[in-house]
Amino acid sequence: MLGRAVLRAPSVHNTQPWTVEPIAGAVVLRERTDVALPRHDPDRRDLVMSCGAALANLELAVRVLGRRADVTILPDTAHPEVLARIDATATAQPSDSDLRRFSAITTRRSQRARFTGAPVGPRLVEQVARAAVTTGAQAVPLPDAGELAALFGHAARAIRDDGAYQREIALWTIRDEASHRHGAGLGRTVVPGGEFPWAGLVRRTTDLPELPVLRSRLAAETFLLFLTTDDGRADHVHAGYALEAVLARGDRARAGGGGADTAPARAGGAIGAVRGPRLARFPAGVDAAGPYVAHRAAEPSQGPG
């Protein structure tokens, strides 16, 4: 059950850059140092955020198994690859909410098709944002789609024209999907053709819309900006943990038609990590540092891919 839970966590390019080690009365989450994206993620921010998302699912699985989950986010200076530990010595009955969330994450698929453009109601946005409340991270609505469009457009062009980046993505693309259904990497057929940003990844052949067109499309969608108080490894874990908490809340709302996609706003592209310009302004009253993750939420035009 623990393995199934972490395998369902989102990770950059589906690299699954973690290992889970059960020990006496606890579970340890480690970062895999053998997984690297030197062009996409030279500072390993996205990889550690991926581990944070896995931690959220791992904690939930421990609770569903009838144990109280006491989470300590490290790293341990003596063992820098250790990111978190969950102590699970005490018993506790899982809540109905825990059971529903666990059921949802086991059936989740990425929404890579185009969204309808129908707005997400403010009440649901507030509920989803509240799910991100965790030590060291928060999610706030981003009101200026125009500035976000400029950032996305910059990153998309840079990614499309970056040969080293494209070669790295090719290495993580699974071509023999029939015999490699559950491994790390991106299935070739799960990324449909079409214009950015619907496909989720920018390839050399991706058609990029002009800025006014992109701005009008993004204006019809809802974005949450994930913020942390600093830019250290523990902050990256917190950001990924908060992101997965929001995705879990969105899964529960999917019965009402909600869908979501995510993108590091530092890069702007779908899951890219080109270090483009940062957002010049945060929403009023927000004082935070990186990393930044943009969560895109809207009504899907078709079932998840």
# chains A, B, ... in the order shown; residues from 1 in each chain; ligands from 1
call {"tool": "residues_around", "arguments": {"residues": "range 120-134 of chain A", "least_positions_apart": "4", "cutoff": "9 Å", "atoms": "only C-alpha atoms", "output": "PyMOL selection string"}}
result
chain A and resi 138-141+221-222+224+226+238-239+241-250+253+258+297-299
call {"tool": "select_by_dssp", "arguments": {"residues": "range 44-90 of chain A", "states": "strand (DSSP E)", "output": "MDAnalysis selection string"}}
result
chainID A and resid 70:73 82:87
call {"tool": "residues_around", "arguments": {"residues": "Leu37 in chain A", "least_positions_apart": "4", "cutoff": "12 Å", "atoms": "only C-alpha atoms", "output": "ChimeraX atom specification"}}
result
/A:12-15,17,32-33,41-48,164-172,272-274
call {"tool": "residues_around", "arguments": {"residues": "Ala88 in chain A", "least_positions_apart": "6", "cutoff": "6 Å", "atoms": "only C-alpha atoms", "output": "list in words"}}
result
Gly25, Ala26, Arg67, Arg68 and Ala69 of chain A
call {"tool": "closest_residue", "arguments": {"among": "A:Ala36, A:Ile86, A:Ile159, A:Met1", "to": "Ala61 in chain A", "atoms": "only C-alpha atoms"}}
result
A:Met1
call {"tool": "closest_residue", "arguments": {"among": "A:Leu65, A:Ser103, A:Ala219, A:Ala78", "to": "Ala90 in chain A", "atoms": "only C-alpha atoms"}}
result
A:Leu65
call {"tool": "residues_around", "arguments": {"residues": "Val6 in chain A", "least_positions_apart": "6", "cutoff": "10 Å", "atoms": "only C-alpha atoms", "output": "compact mmCIF listing (two decimals) with all heavy atoms, in the first residue's frame"}}
result
# COMPACT_ATOMS: atom_id res chain seq x y z
N GLN A 16 9.93 9.97 -10.53
CA GLN A 16 9.77 9.25 -9.27
C GLN A 16 11.09 9.22 -8.49
O GLN A 16 11.64 8.15 -8.20
CB GLN A 16 9.26 7.83 -9.54
CG GLN A 16 7.93 7.81 -10.28
CD GLN A 16 7.49 6.43 -10.70
OE1 GLN A 16 7.95 5.43 -10.16
NE2 GLN A 16 6.59 6.35 -11.67
N TRP A 18 12.44 9.15 -5.60
CA TRP A 18 12.41 8.85 -4.17
C TRP A 18 12.56 7.36 -3.93
O TRP A 18 12.34 6.54 -4.82
CB TRP A 18 11.09 9.34 -3.56
CG TRP A 18 9.89 8.78 -4.27
CD1 TRP A 18 9.44 7.49 -4.26
CD2 TRP A 18 9.00 9.49 -5.13
NE1 TRP A 18 8.32 7.34 -5.05
CE2 TRP A 18 8.03 8.55 -5.60
CE3 TRP A 18 8.90 10.82 -5.54
CZ2 TRP A 18 7.00 8.92 -6.46
CZ3 TRP A 18 7.88 11.17 -6.41
CH2 TRP A 18 6.95 10.24 -6.85
N THR A 19 12.91 7.03 -2.72
CA THR A 19 12.81 5.65 -2.22
C THR A 19 12.12 5.69 -0.87
O THR A 19 12.22 6.69 -0.14
CB THR A 19 14.19 4.97 -2.08
OG1 THR A 19 14.98 5.71 -1.13
CG2 THR A 19 14.91 4.91 -3.41
N VAL A 20 11.43 4.63 -0.55
CA VAL A 20 10.72 4.51 0.72
C VAL A 20 11.31 3.34 1.48
O VAL A 20 11.40 2.22 0.96
CB VAL A 20 9.21 4.29 0.49
CG1 VAL A 20 8.50 4.03 1.81
CG2 VAL A 20 8.60 5.51 -0.21
N CYS A 51 9.43 14.83 -4.31
CA CYS A 51 9.52 14.01 -3.09
C CYS A 51 8.53 14.51 -2.03
O CYS A 51 7.96 13.72 -1.27
CB CYS A 51 10.94 14.03 -2.54
SG CYS A 51 12.16 13.20 -3.59
N ALA A 53 5.61 15.81 -2.65
CA ALA A 53 4.31 15.27 -3.04
C ALA A 53 4.18 13.80 -2.64
O ALA A 53 3.13 13.36 -2.16
CB ALA A 53 4.11 15.43 -4.54
N ALA A 54 5.26 13.05 -2.82
CA ALA A 54 5.24 11.64 -2.40
C ALA A 54 5.06 11.52 -0.89
O ALA A 54 4.38 10.60 -0.41
CB ALA A 54 6.54 10.95 -2.83
N LEU A 55 5.65 12.45 -0.14
CA LEU A 55 5.52 12.43 1.31
C LEU A 55 4.06 12.58 1.73
O LEU A 55 3.59 11.90 2.66
CB LEU A 55 6.37 13.54 1.93
CG LEU A 55 6.23 13.73 3.44
CD1 LEU A 55 6.69 12.49 4.19
CD2 LEU A 55 7.03 14.96 3.90
N ALA A 56 3.33 13.47 1.06
CA ALA A 56 1.92 13.66 1.39
C ALA A 56 1.13 12.37 1.20
O ALA A 56 0.30 11.99 2.04
CB ALA A 56 1.33 14.78 0.55
N ASN A 57 1.38 11.66 0.10
CA ASN A 57 0.69 10.40 -0.14
C ASN A 57 1.13 9.31 0.83
O ASN A 57 0.34 8.48 1.27
CB ASN A 57 0.94 9.93 -1.57
CG ASN A 57 0.07 10.66 -2.58
OD1 ASN A 57 -0.63 11.61 -2.23
ND2 ASN A 57 0.14 10.24 -3.83
N LEU A 58 2.41 9.32 1.17
CA LEU A 58 2.94 8.33 2.11
C LEU A 58 2.31 8.51 3.49
O LEU A 58 1.91 7.54 4.15
CB LEU A 58 4.45 8.46 2.19
CG LEU A 58 5.21 7.40 2.98
CD1 LEU A 58 5.00 6.02 2.38
CD2 LEU A 58 6.71 7.75 3.02
N GLU A 59 2.21 9.75 3.92
CA GLU A 59 1.57 10.03 5.21
C GLU A 59 0.12 9.55 5.20
O GLU A 59 -0.36 8.94 6.18
CB GLU A 59 1.62 11.53 5.50
CG GLU A 59 0.93 11.92 6.79
CD GLU A 59 0.75 13.41 6.93
OE1 GLU A 59 0.95 14.14 5.94
OE2 GLU A 59 0.38 13.87 8.04
N LEU A 60 -0.58 9.82 4.12
CA LEU A 60 -1.98 9.39 4.02
C LEU A 60 -2.09 7.87 4.08
O LEU A 60 -2.96 7.32 4.76
CB LEU A 60 -2.58 9.93 2.72
CG LEU A 60 -4.03 9.56 2.44
CD1 LEU A 60 -4.95 10.08 3.54
CD2 LEU A 60 -4.45 10.12 1.08
N ALA A 61 -1.20 7.17 3.38
CA ALA A 61 -1.23 5.71 3.39
C ALA A 61 -0.99 5.15 4.79
O ALA A 61 -1.62 4.17 5.19
CB ALA A 61 -0.20 5.16 2.41
N ILE A 105 -6.61 9.12 -4.93
CA ILE A 105 -5.26 9.18 -5.50
C ILE A 105 -4.92 7.91 -6.26
O ILE A 105 -4.07 7.93 -7.16
CB ILE A 105 -4.18 9.45 -4.42
CG1 ILE A 105 -4.06 8.29 -3.44
CG2 ILE A 105 -4.43 10.77 -3.72
CD1 ILE A 105 -2.89 8.44 -2.49
N THR A 106 -5.57 6.81 -5.95
CA THR A 106 -5.27 5.57 -6.66
C THR A 106 -5.89 5.54 -8.05
O THR A 106 -5.54 4.68 -8.87
CB THR A 106 -5.76 4.35 -5.86
OG1 THR A 106 -7.17 4.44 -5.65
CG2 THR A 106 -5.04 4.25 -4.54
call {"tool": "residues_around", "arguments": {"residues": "Glu21 in chain A", "least_positions_apart": "4", "cutoff": "10 Å", "atoms": "only C-alpha atoms", "output": "PyMOL selection string"}}
result
chain A and resi 2+26-30+85
